[in-house]
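Structure file model29.cif (mmCIF, C-alpha atoms) is printed below.
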```cif
data_entry
#
loop_
_atom_site.label_atom_id
_atom_site.label_comp_id
_atom_site.auth_asym_id
_atom_site.auth_seq_id
_atom_site.Cartn_x
_atom_site.Cartn_y
_atom_site.Cartn_z
CA MET A 1420 -35.16 -15.41 10.24
CA SER A 1421 -33.12 -14.31 7.22
CA GLU A 1422 -29.79 -12.55 7.61
CA GLU A 1423 -31.20 -9.28 6.22
CA THR A 1424 -33.76 -8.94 9.00
CA VAL A 1425 -31.41 -9.74 11.89
CA PRO A 1426 -29.65 -6.60 13.20
CA GLN A 1427 -25.88 -6.94 13.12
CA GLN A 1428 -24.18 -6.74 16.48
CA ASP A 1429 -20.81 -5.50 17.66
CA GLY A 1430 -18.59 -7.23 20.23
CA THR A 1431 -20.79 -6.10 23.13
CA GLY A 1432 -23.93 -7.72 21.73
CA GLN A 1433 -25.52 -4.34 20.96
CA PRO A 1434 -26.95 -3.71 17.50
CA LYS A 1435 -24.67 -1.61 15.31
CA GLY A 1436 -25.86 1.79 14.27
CA LEU A 1437 -26.36 2.53 10.60
CA LEU A 1438 -23.49 5.03 10.61
CA GLN A 1439 -21.08 2.48 12.05
CA GLN A 1440 -22.16 -0.11 9.45
CA MET A 1441 -21.66 2.42 6.66
CA GLU A 1442 -18.19 3.37 7.98
CA GLU A 1443 -17.16 -0.28 8.06
CA LEU A 1444 -18.48 -0.87 4.55
CA MET A 1445 -16.69 2.23 3.24
CA ALA A 1446 -13.43 1.13 4.87
CA ALA A 1447 -13.72 -2.32 3.29
CA LEU A 1448 -14.59 -0.82 -0.10
CA ASN A 1449 -11.66 1.59 0.13
CA ALA A 1450 -9.27 -1.28 0.89
CA ASP A 1451 -10.65 -3.30 -2.05
CA LEU A 1452 -10.30 -0.33 -4.41
CA SER A 1453 -6.75 0.33 -3.26
CA ALA A 1454 -5.81 -3.28 -3.95
CA LEU A 1455 -7.50 -3.16 -7.36
CA ASP A 1456 -5.70 0.09 -8.21
CA ALA A 1457 -2.35 -1.46 -7.29
CA ASP A 1458 -3.12 -4.51 -9.46
CA LEU A 1459 -4.15 -2.34 -12.41
CA GLN A 1460 -1.07 -0.14 -12.12
CA ALA A 1461 1.20 -3.19 -12.00
CA ALA A 1462 -0.51 -4.67 -15.06
CA GLY A 1463 -0.50 -1.32 -16.86
CA HIS A 1464 3.25 -0.83 -16.54
CA ALA A 1465 3.89 -4.22 -18.12
CA GLY A 1466 1.76 -3.60 -21.20
CA ARG A 1467 2.12 0.15 -21.69
CA GLY A 1468 2.78 1.16 -25.29
CA PRO A 1469 3.16 4.45 -27.20
CA ALA A 1470 -0.60 4.82 -27.78
CA GLU A 1471 -1.23 4.84 -24.01
CA GLU A 1472 1.33 7.50 -23.10
CA GLY A 1473 -0.93 10.46 -23.84
CA PRO A 1474 -1.94 12.81 -26.62
CA VAL A 1475 0.59 13.71 -29.28
CA VAL A 1476 0.94 17.46 -29.75
#
```
Show the structure stored in the file as structure tokens.
Amino acid sequence: MSEETVPQQDGTGQPKGLLQQMEELMAALNADLSALDADLQAAGHAGRGPAEEGPVV
């Protein structure tokens, strides 16, 4: 059987509910986005120039 058709199970051997799977995926996505944001901010501070500071009034 392929991985897509086998229900995922938690530590007790019971299939996970869809809500629990979605919560876990959202938590993992949130962690990945936080790490990406930190990387982008660190890279942005190193290469920030006058054109990136904002609109000139």
Separation of atom CA of Leu1459 of chain A from atom CA of Gln1440 of chain A in Å: 28.4 Å
If you measure from atom CA of Glu1443 of chain A to atom CA of Gln1460 of chain A, what distance in Å do you get, rounded to one decimal? 25.8 Å
Report, in Å with one decimal, the straight-line distance from atom CA of Met1445 of chain A to atom CA of Gly1463 of chain A.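 Between atom CA of Met1445 of chain A and atom CA of Gly1463 of chain A the gap is 26.1 Å.
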